[in-house]
Every structure is written in C-alpha cells, then in structure tokens.
$ cat my_file-v9.cif   # mmCIF, C-alpha atoms
data_work
loop_
_atom_site.label_atom_id
_atom_site.label_comp_id
_atom_site.auth_asym_id
_atom_site.auth_seq_id
_atom_site.Cartn_x
_atom_site.Cartn_y
_atom_site.Cartn_z
CA MET I 1 0.00 0.00 0.00
CA ALA I 2 1.01 3.59 -0.52
CA THR I 3 1.02 6.51 1.88
CA THR I 4 -0.82 9.49 0.46
CA THR I 5 -1.78 12.57 2.42
CA ALA I 6 -3.97 15.59 1.82
CA GLN I 7 -3.35 18.63 3.94
CA ILE I 8 -5.37 21.82 4.13
CA THR I 9 -4.21 25.03 5.74
CA LEU I 10 -6.69 27.85 6.23
CA SER I 11 -4.99 31.08 7.21
CA SER I 12 -5.93 34.65 7.90
CA SER I 13 -4.46 37.23 10.20
CA ASP I 14 -7.30 39.70 9.76
CA LEU I 15 -10.55 37.89 9.01
CA LEU I 16 -11.21 37.55 12.73
CA THR I 17 -9.82 39.09 15.87
CA ASP I 18 -8.49 35.63 16.60
CA ALA I 19 -6.08 34.70 13.82
CA LEU I 20 -7.19 31.78 11.69
CA ALA I 21 -4.53 29.09 11.43
CA LEU I 22 -6.23 25.79 10.81
CA THR I 23 -4.37 22.78 9.51
CA ALA I 24 -5.79 19.33 8.92
CA THR I 25 -4.05 16.36 7.37
CA ALA I 26 -5.83 13.26 6.16
CA THR I 27 -4.16 10.04 5.12
CA LEU I 28 -6.09 8.60 2.20
CA TYR I 29 -7.27 5.09 2.96
CA ASP I 30 -9.46 2.52 1.28
CA ALA I 31 -13.03 2.81 2.53
CA GLY I 32 -13.37 2.18 6.24
CA THR I 33 -9.87 0.79 6.66
CA THR I 34 -6.34 1.93 7.47
CA THR I 35 -4.99 0.53 4.22
CA GLY I 36 -3.56 3.23 2.02
CA ILE I 37 -5.12 3.77 -1.39
CA THR I 38 -3.23 2.31 -4.32
CA GLN I 39 -4.92 3.81 -7.39
CA THR I 40 -5.25 7.27 -8.89
CA THR I 41 -6.22 8.83 -12.18
CA GLY I 42 -3.21 11.13 -11.97
CA VAL I 43 -3.49 14.86 -12.44
CA ALA I 44 -5.30 15.76 -15.65
CA ARG I 45 -5.50 19.15 -17.32
CA LYS I 46 -8.15 20.27 -19.76
CA THR I 47 -8.77 23.47 -21.69
CA THR I 48 -12.22 24.29 -23.00
CA THR I 49 -13.45 26.96 -25.39
CA ALA I 50 -17.18 26.46 -25.00
CA THR I 51 -19.77 26.64 -22.28
CA ASP I 52 -20.81 23.04 -22.79
CA VAL I 53 -21.03 20.67 -19.85
CA VAL I 54 -17.92 18.53 -19.34
CA THR I 55 -18.11 15.24 -17.45
CA LEU I 56 -14.94 14.92 -15.39
CA PHE I 57 -15.73 11.73 -13.54
CA ASN I 58 -18.17 9.26 -14.98
CA ALA I 59 -18.79 6.33 -12.72
CA ALA I 60 -20.59 4.08 -15.17
CA PRO I 61 -17.81 2.76 -17.43
CA HIS I 62 -15.20 2.47 -14.71
CA THR I 63 -15.61 -0.59 -12.59
CA GLU I 64 -12.61 0.47 -10.54
CA TYR I 65 -14.69 3.38 -9.26
CA GLY I 66 -16.50 1.17 -6.81
CA ALA I 67 -19.80 2.38 -5.41
CA ASN I 68 -19.93 3.92 -1.96
CA LYS I 69 -16.19 3.99 -1.46
CA ALA I 70 -13.93 6.70 -0.10
CA HIS I 71 -12.77 8.19 -3.39
CA LYS I 72 -11.43 11.74 -3.24
CA VAL I 73 -11.67 14.28 -6.02
CA TYR I 74 -9.55 17.38 -6.59
CA ILE I 75 -10.52 20.09 -9.07
CA LYS I 76 -8.87 23.46 -9.65
CA ASN I 77 -9.89 26.32 -11.91
CA CYS I 78 -6.57 27.51 -13.36
CA SER I 79 -8.01 30.68 -14.88
CA SER I 80 -6.55 34.01 -13.79
CA THR I 81 -9.59 36.09 -14.79
CA ARG I 82 -11.43 36.40 -11.53
CA SER I 83 -14.94 36.54 -12.97
CA GLU I 84 -14.55 33.21 -14.79
CA TYR I 85 -15.93 30.18 -13.05
CA LEU I 86 -16.76 26.53 -13.36
CA THR I 87 -20.17 25.44 -12.16
CA VAL I 88 -19.71 22.10 -10.44
CA THR I 89 -22.59 19.65 -10.47
CA ILE I 90 -23.08 16.16 -9.15
CA ASN I 91 -25.89 14.46 -10.97
CA ALA I 92 -28.18 17.43 -11.60
CA GLU I 93 -27.44 19.19 -8.33
CA GLU I 94 -25.40 22.36 -8.59
CA ILE I 95 -22.91 22.23 -5.78
CA GLY I 96 -21.07 25.48 -6.23
CA ARG I 97 -18.87 27.61 -8.41
CA LEU I 98 -15.11 27.40 -8.64
CA TYR I 99 -13.87 30.86 -9.55
CA ALA I 100 -10.43 31.54 -10.99
CA GLY I 101 -7.76 30.15 -8.70
CA ASP I 102 -10.21 28.24 -6.52
CA TRP I 103 -9.82 24.56 -5.78
CA MET I 104 -11.92 21.87 -4.15
CA PHE I 105 -11.19 18.53 -2.51
CA ILE I 106 -14.13 16.30 -1.70
CA PRO I 107 -15.10 12.71 -1.02
CA TRP I 108 -17.00 11.11 -3.86
CA GLY I 109 -19.40 8.22 -3.50
CA ALA I 110 -19.70 7.19 -7.15
CA HIS I 111 -22.73 5.35 -5.89
CA ASP I 112 -24.43 4.96 -9.21
CA THR I 113 -24.47 6.24 -12.76
CA ASP I 114 -26.35 9.34 -11.71
CA ASN I 115 -23.52 10.55 -9.53
CA ASP I 116 -21.21 11.87 -12.24
CA ILE I 117 -19.18 14.98 -11.49
CA LYS I 118 -19.53 17.62 -14.18
CA VAL I 119 -18.31 21.15 -14.72
CA THR I 120 -19.67 23.89 -16.93
CA PRO I 121 -17.34 26.76 -17.90
CA SER I 122 -18.87 30.23 -17.62
CA VAL I 123 -17.19 31.54 -20.76
CA ALA I 124 -16.50 30.29 -24.25
CA THR I 125 -13.01 31.72 -24.24
CA SER I 126 -10.15 29.52 -23.11
CA MET I 127 -10.56 28.08 -19.64
CA THR I 128 -8.18 25.56 -18.12
CA PHE I 129 -8.78 23.32 -15.17
CA GLU I 130 -6.98 20.49 -13.45
CA TYR I 131 -8.53 17.47 -11.80
CA MET I 132 -7.56 14.24 -10.14
CA MET I 133 -9.18 11.33 -8.39
CA PHE I 134 -7.79 9.11 -5.67
CA ILE I 135 -9.51 5.78 -6.11
CA SER I 136 -10.52 3.86 -3.03
CA ALA I 137 -11.11 0.14 -2.80
CA MET Q 138 -11.13 43.53 3.43
CA ALA Q 139 -9.30 40.56 4.89
CA THR Q 140 -6.78 38.25 3.33
CA THR Q 141 -7.75 34.61 3.78
CA THR Q 142 -6.05 31.72 2.04
CA ALA Q 143 -6.72 28.04 1.62
CA GLN Q 144 -3.71 25.91 0.80
CA LEU Q 145 -3.90 22.32 -0.36
CA THR Q 146 -0.94 19.96 -0.31
CA LEU Q 147 -1.24 16.48 -1.81
CA SER Q 148 1.75 14.25 -1.17
CA SER Q 149 2.86 10.73 -1.82
CA SER Q 150 6.24 9.22 -2.47
CA ASP Q 151 4.92 5.80 -3.43
CA LEU Q 152 1.44 6.03 -4.94
CA THR Q 153 2.92 6.21 -8.43
CA SER Q 154 6.42 6.08 -9.90
CA ASP Q 155 6.36 9.87 -10.10
CA ALA Q 156 6.20 11.30 -6.59
CA LEU Q 157 3.10 13.38 -5.92
CA ALA Q 158 3.85 16.82 -4.52
CA LEU Q 159 0.99 19.06 -5.50
CA SER Q 160 0.52 22.34 -3.70
CA THR Q 161 -1.92 25.08 -4.53
CA THR Q 162 -3.17 28.13 -2.65
CA ALA Q 163 -6.40 30.00 -3.23
CA THR Q 164 -7.12 33.43 -1.84
CA LEU Q 165 -10.75 33.56 -0.81
CA TYR Q 166 -12.64 36.41 -2.43
CA ASP Q 167 -16.20 37.63 -2.62
CA THR Q 168 -18.10 36.25 -5.58
CA GLY Q 169 -16.41 36.99 -8.89
CA SER Q 170 -14.30 39.78 -7.43
CA LYS Q 171 -10.88 40.39 -5.96
CA VAL Q 172 -12.27 41.65 -2.69
CA GLY Q 173 -11.32 39.39 0.18
CA VAL Q 174 -14.05 37.70 2.15
CA THR Q 175 -15.02 39.43 5.37
CA GLU Q 176 -17.42 36.99 7.02
CA THR Q 177 -17.22 33.49 8.42
CA SER Q 178 -19.29 31.21 10.58
CA GLY Q 179 -16.17 30.43 12.57
CA ILE Q 180 -15.09 26.90 13.29
CA ALA Q 181 -17.92 24.94 14.80
CA ARG Q 182 -17.91 21.49 16.36
CA LYS Q 183 -20.88 19.14 16.59
CA ILE Q 184 -21.26 15.79 18.31
CA THR Q 185 -24.07 13.38 17.45
CA SER Q 186 -25.02 9.96 18.74
CA SER Q 187 -27.65 8.92 16.24
CA VAL Q 188 -27.75 7.62 12.68
CA SER Q 189 -30.46 10.12 11.77
CA GLU Q 190 -29.84 12.56 8.97
CA TYR Q 191 -29.49 16.17 10.12
CA THR Q 192 -28.91 19.54 8.51
CA LEU Q 193 -25.46 20.80 9.35
CA ILE Q 194 -25.57 24.01 7.33
CA ALA Q 195 -28.92 25.54 6.37
CA GLU Q 196 -29.14 27.38 3.10
CA ALA Q 197 -31.68 29.77 4.63
CA ASP Q 198 -28.87 31.29 6.68
CA TYR Q 199 -26.76 32.26 3.68
CA ALA Q 200 -27.13 34.28 0.49
CA ASN Q 201 -27.77 32.30 -2.67
CA ASP Q 202 -25.54 32.06 -5.73
CA LYS Q 203 -22.36 33.11 -3.95
CA SER Q 204 -18.89 31.62 -3.80
CA HIS Q 205 -19.05 30.47 -0.22
CA LYS Q 206 -16.57 27.81 0.85
CA VAL Q 207 -17.26 25.01 3.28
CA TYR Q 208 -14.68 23.14 5.32
CA LEU Q 209 -15.83 19.94 6.99
CA LYS Q 210 -13.83 17.38 8.94
CA HIS Q 211 -14.77 14.07 10.52
CA VAL Q 212 -12.89 14.17 13.79
CA GLY Q 213 -13.27 10.48 14.61
CA THR Q 214 -10.48 7.94 14.98
CA THR Q 215 -12.34 4.69 14.28
CA ALA Q 216 -11.58 3.94 10.63
CA SER Q 217 -14.99 2.50 9.83
CA ASP Q 218 -16.94 5.45 11.23
CA ARG Q 219 -18.20 7.85 8.61
CA VAL Q 220 -20.67 10.56 7.82
CA ASP Q 221 -22.50 10.58 4.49
CA VAL Q 222 -22.60 14.06 2.99
CA LYS Q 223 -25.54 15.33 0.97
CA PHE Q 224 -26.25 18.61 -0.76
CA ALA Q 225 -30.05 18.77 -0.58
CA SER Q 226 -31.00 15.21 -1.60
CA GLN Q 227 -27.89 14.64 -3.70
CA SER Q 228 -25.31 12.33 -2.20
CA VAL Q 229 -21.78 13.67 -2.53
CA GLY Q 230 -19.63 11.17 -0.69
CA ARG Q 231 -18.55 9.68 2.57
CA LEU Q 232 -16.18 11.29 5.04
CA TYR Q 233 -14.45 8.61 7.05
CA ALA Q 234 -12.63 9.21 10.32
CA GLY Q 235 -9.89 11.77 9.82
CA ASP Q 236 -11.10 12.85 6.39
CA TRP Q 237 -11.83 16.46 5.52
CA MET Q 238 -13.34 18.25 2.57
CA PHE Q 239 -13.23 21.77 1.19
CA ILE Q 240 -15.87 22.65 -1.33
CA PRO Q 241 -17.41 25.67 -2.99
CA TRP Q 242 -21.03 26.13 -2.00
CA ASN Q 243 -23.53 28.33 -3.75
CA GLY Q 244 -25.72 28.69 -0.67
CA ASP Q 245 -28.73 27.26 -2.46
CA THR Q 246 -28.90 23.87 -0.76
CA ASP Q 247 -28.92 22.52 2.75
CA ILE Q 248 -25.82 20.51 3.59
CA LYS Q 249 -26.85 17.36 5.44
CA LEU Q 250 -24.95 14.64 7.24
CA THR Q 251 -25.85 11.11 8.20
CA PRO Q 252 -23.53 9.27 10.61
CA ASN Q 253 -23.27 5.50 10.19
CA VAL Q 254 -23.03 4.81 13.91
CA SER Q 255 -25.07 5.81 16.90
CA THR Q 256 -22.04 6.12 19.07
CA SER Q 257 -20.42 9.53 19.39
CA VAL Q 258 -19.42 11.13 16.07
CA THR Q 259 -17.76 14.53 16.03
CA VAL Q 260 -17.46 16.85 13.05
CA GLU Q 261 -15.90 20.27 12.70
CA TYR Q 262 -17.07 22.69 10.06
CA MET Q 263 -16.75 26.24 8.89
CA VAL Q 264 -18.40 28.39 6.27
CA ILE Q 265 -16.34 31.14 4.72
CA ILE Q 266 -19.03 33.50 3.54
CA ALA Q 267 -18.82 35.36 0.26
CA SER Q 268 -20.80 38.47 -0.63
#
$ encode --input "my_file-v9.cif" --output "structure tokens"
Amino acid sequence: MATTTAQITLSSSDLLTDALALTATATLYDAGTTTGITQTTGVARKTTTATDVVTLFNAAPHTEYGANKAHKVYIKNCSSTRSEYLTVTINAEEIGRLYAGDWMFIPWGAHDTDNDIKVTPSVATSMTFEYMMFISA
Amino acid sequence: MATTTAQLTLSSSDLTSDALALSTTATLYDTGSKVGVTETSGIARKITSSVSEYTLIAEADYANDKSHKVYLKHVGTTASDRVDVKFASQSVGRLYAGDWMFIPWNGDTDIKLTPNVSTSVTVEYMVIIAS
C-alpha cells in the first residue's frame, strides 16, 4: 500500500480578531480501513473553449470506481480572470462555483451512474482546469 | 477587506512512480471579485449519537448564488466510522474518520450529514461567507 496525504491550511491574520490558522491532514485510505489507497487517475489538465457541460468523472464505465467507497476528487480552476468560473454539479445538483484560482477537494461516493461529477465553464473563451481522483477500494 | 487563504498539499512518495507533490493556494474572495471575504461562521464542532440525517448548514442562513466555501472534517479515529454528505437530496460522498473536505457552495442547498453509527461522532465545520 502507498502513503498518500492531503493537507489543508486555512490562514488569515485579519478575518477575525483571533487569527485563523487551521491545519488538517488526512491520510487517504481505502473505505473504512487503514490501508492506504493504491490507485489514482493522476493529475489531468483540460482546456475548454465552450460553455458546454464537461463530465470529469463518470462512474458508469469504470468498474474500478466502486460504489460507496472513499474516493477523493480534486478540481482546480486555473483561470486568472477572476470573474470566470466553473459550475460544479453532481448528478443534476449544482454544488457550487469554482472561480479563478479556486480549488476543491471532496469525497465522492460514485454510488451509481447518476452521480457523475460535471463542470460547466462560464465563458467560451479559453478556460483551463486540473482534476484528479484518488480511487478507493 | 481581509486576506484569507486556503492551501492544499497532496503528497505521496509511493502512490505512483512519479512522486506526488501538489501544492496550490487560493485566496478567498467575494463572488467573482478580488475583494477578500469578510465573514465566516467560525469553526464549529458538533457531536451526534444517532444515525439520523441532520442539517449541518442551512441554506436559509446564507445568500444564494455566492462563492461560499465550506470546510468539513470528521474528527473520529475509528476507521470504519463515517458521515454521508448530501447537498439537498444529492449524495456527494462519505467522510471517514480523519477525512476532511473543502468545497465551494452556492448557498442554495442545505448541507446534510448522516452518521453511520449511533455512538459519538464529532465533526468540525466552517463556512467562509462570500458576498
């Protein structure tokens, strides 16, 4: 097994009177175990020039994306134009918008074919994003 | 305005032949702007002892269609303990003990959790609120 970690650090010296300095580190394990994950999609990068929906993670054709596991998904909007965003949806539910420079890191259930993760660019000019999945057994 | 950052570091020396050392930092701004966020829920902590679904973050408390960010961590230590995360009725995924997530949230949907055990389960969470 491999040892893979995901660390987040939230920092601000002036958002609150009490400085924000939160750090959390998770070791990525197979679902419900302490066995390190052994599969990943690797980091992918895609550039779009349309506002069409893009399916980033499609559970159906990938048997390795087992249902109800502890997969983790990373997505980053690499744009530098602040007003540009990706609308992130799971199935038909809009989760939120990733504006330029924003990133997300979430668990993903891949519980059925209706649980695909999709993004929709806000502009038809060039937009680049990166994404990666850590696949849990 | 304040300056608030969220840094992600993904690391592994042995997941693939090419060591993983990904680091990225986002400055948290109001929606579509370069004005730093000025509001937060603060870091909250909740303990449950039931497998009933509950609303952790209510959309009614936040403006819609904004670039809020949500941090959520399962503070447990028993590997098999988890909370199932939903946005409205849409399942997102499972946070097992020690896992955390950081996600944009448009403020349009309740964020709900369902623990898988009726023993004590603790989560920490925070909303960074965008105008």
$ resolve_selection --input "my_file-v9.cif" --expression "the PyMOL selection byres ((chain Q and resi 234-244) around 8)" --output "PyMOL selection string"
(chain I and resi 24-28+94-98+103-107) or (chain Q and resi 196+199-219+232-233+245-247)
$ interface_residues --input "my_file-v9.cif" --of "chain I" --to "chain Q" --cutoff "7 Å" --atoms "only C-alpha atoms" --output "PyMOL selection string"
chain I and resi 2-12+14-15+26+32-34+38+70+82-83+93+95-99+101-109
$ closest_residue --input "my_file-v9.cif" --among "I:Thr128, I:Thr41, I:Asn91, I:Ser13" --to "Tyr65 of chain I" --atoms "all atoms listed in the file"
I:Thr41
$ atom_distance --input "my_file-v9.cif" --atom1 "atom CA of Thr51 of chain I" --atom2 "atom CA of Pro121 of chain I"
5.0 Å
$ resolve_selection --input "my_file-v9.cif" --expression "the PyMOL selection byres ((chain Q and resi 250-257) around 7)" --output "list of chain:residue names"
Q:Ile184, Q:Thr185, Q:Ser186, Q:Ser187, Q:Val188, Q:Ser189, Q:Glu190, Q:Tyr191, Q:Thr192, Q:Leu193, Q:Asp218, Q:Arg219, Q:Val220, Q:Asp221, Q:Val222, Q:Lys223, Q:Ile248, Q:Lys249, Q:Val258, Q:Thr259
$ resolve_selection --input "my_file-v9.cif" --expression "the PyMOL selection byres ((chain I and resi 90) around 6)" --output "list in words"
Thr89, Asn91, Ala92, Glu93, Asn115, Asp116 and Ile117 of chain I
$ atom_distance --input "my_file-v9.cif" --atom1 "atom CA of Ala195 of chain Q" --atom2 "atom CA of Ser268 of chain Q"
16.8 Å
$ closest_residue --input "my_file-v9.cif" --among "I:Asp30, I:Asp114, I:Asp18, I:Asp52" --to "Met127 of chain I" --atoms "only C-alpha atoms"
I:Asp52
$ axis_aligned_box --input "my_file-v9.cif" --around "segment 9-23 of chain I" --padding-each-side "6 Å" --output "AutoDock Vina command-line options"
--center_x -7.7 --center_y 31.2 --center_z 11.2 --size_x 19.0 --size_y 28.9 --size_z 22.9
$ residues_near_point --input "my_file-v9.cif" --point "(-17.3, 19.9, -11.2)" --cutoff "8 Å" --atoms "all atoms listed in the file" --output "ChimeraX atom specification"
/I:55-56,75,86-90,117-120
$ atom_distance --input "my_file-v9.cif" --atom1 "atom CA of Thr23 of chain I" --atom2 "atom CA of Ala110 of chain I"
27.5 Å
$ closest_residue --input "my_file-v9.cif" --among "I:Met1, I:Ala31, I:Val54, I:Leu20" --to "Ser136 of chain I" --atoms "all atoms listed in the file"
I:Ala31
$ build_atoms --input "my_file-v9.cif" --residues "segment 207-234 of chain Q" --atoms "N, CA and C atoms" --output "CSV table (one decimal), in the coordinates of the input"
chain,number,residue,atom,x,y,z
Q,207,VAL,N,-16.9,25.8,2.1
Q,207,VAL,CA,-17.3,25.0,3.3
Q,207,VAL,C,-16.1,24.1,3.6
Q,208,TYR,N,-15.7,24.1,4.8
Q,208,TYR,CA,-14.7,23.1,5.3
Q,208,TYR,C,-15.4,22.2,6.3
Q,209,LEU,N,-15.2,20.9,6.1
Q,209,LEU,CA,-15.8,19.9,7.0
Q,209,LEU,C,-14.8,18.8,7.3
Q,210,LYS,N,-14.7,18.5,8.5
Q,210,LYS,CA,-13.8,17.4,8.9
Q,210,LYS,C,-14.5,16.4,9.9
Q,211,HIS,N,-14.3,15.1,9.6
Q,211,HIS,CA,-14.8,14.1,10.5
Q,211,HIS,C,-13.7,13.8,11.5
Q,212,VAL,N,-13.9,14.1,12.8
Q,212,VAL,CA,-12.9,14.2,13.8
Q,212,VAL,C,-12.7,12.8,14.5
Q,213,GLY,N,-13.4,11.8,14.0
Q,213,GLY,CA,-13.3,10.5,14.6
Q,213,GLY,C,-11.9,9.8,14.4
Q,214,THR,N,-11.7,8.7,15.1
Q,214,THR,CA,-10.5,7.9,15.0
Q,214,THR,C,-10.7,6.5,14.7
Q,215,THR,N,-12.0,6.1,14.6
Q,215,THR,CA,-12.3,4.7,14.3
Q,215,THR,C,-12.5,4.6,12.8
Q,216,ALA,N,-11.7,3.9,12.1
Q,216,ALA,CA,-11.6,3.9,10.6
Q,216,ALA,C,-12.9,3.7,9.9
Q,217,SER,N,-13.7,2.9,10.5
Q,217,SER,CA,-15.0,2.5,9.8
Q,217,SER,C,-16.1,3.5,10.1
Q,218,ASP,N,-15.9,4.4,11.0
Q,218,ASP,CA,-16.9,5.4,11.2
Q,218,ASP,C,-16.9,6.5,10.1
Q,219,ARG,N,-18.1,6.9,9.7
Q,219,ARG,CA,-18.2,7.8,8.6
Q,219,ARG,C,-19.4,8.7,8.8
Q,220,VAL,N,-19.4,9.8,8.0
Q,220,VAL,CA,-20.7,10.6,7.8
Q,220,VAL,C,-20.9,10.7,6.3
Q,221,ASP,N,-22.1,10.4,5.9
Q,221,ASP,CA,-22.5,10.6,4.5
Q,221,ASP,C,-22.9,12.0,4.3
Q,222,VAL,N,-22.4,12.6,3.3
Q,222,VAL,CA,-22.6,14.1,3.0
Q,222,VAL,C,-23.6,14.2,1.8
Q,223,LYS,N,-24.6,15.0,2.0
Q,223,LYS,CA,-25.5,15.3,1.0
Q,223,LYS,C,-25.7,16.8,0.8
Q,224,PHE,N,-25.8,17.3,-0.5
Q,224,PHE,CA,-26.2,18.6,-0.8
Q,224,PHE,C,-27.7,18.5,-1.2
Q,225,ALA,N,-28.6,19.0,-0.4
Q,225,ALA,CA,-30.0,18.8,-0.6
Q,225,ALA,C,-30.2,17.3,-0.5
Q,226,SER,N,-30.8,16.7,-1.6
Q,226,SER,CA,-31.0,15.2,-1.6
Q,226,SER,C,-29.9,14.5,-2.4
Q,227,GLN,N,-28.9,15.2,-2.9
Q,227,GLN,CA,-27.9,14.6,-3.7
Q,227,GLN,C,-26.7,14.2,-2.9
Q,228,SER,N,-26.5,12.9,-2.9
Q,228,SER,CA,-25.3,12.3,-2.2
Q,228,SER,C,-24.0,12.8,-2.9
Q,229,VAL,N,-23.1,13.2,-2.0
Q,229,VAL,CA,-21.8,13.7,-2.5
Q,229,VAL,C,-20.8,12.6,-2.3
Q,230,GLY,N,-20.6,12.2,-1.0
Q,230,GLY,CA,-19.6,11.2,-0.7
Q,230,GLY,C,-19.6,10.9,0.8
Q,231,ARG,N,-18.6,10.1,1.2
Q,231,ARG,CA,-18.6,9.7,2.6
Q,231,ARG,C,-17.2,10.2,3.2
Q,232,LEU,N,-17.4,10.8,4.3
Q,232,LEU,CA,-16.2,11.3,5.0
Q,232,LEU,C,-15.9,10.3,6.2
Q,233,TYR,N,-14.8,9.6,6.0
Q,233,TYR,CA,-14.4,8.6,7.0
Q,233,TYR,C,-13.6,9.3,8.1
Q,234,ALA,N,-13.4,8.6,9.2
Q,234,ALA,CA,-12.6,9.2,10.3
Q,234,ALA,C,-11.3,9.8,9.8
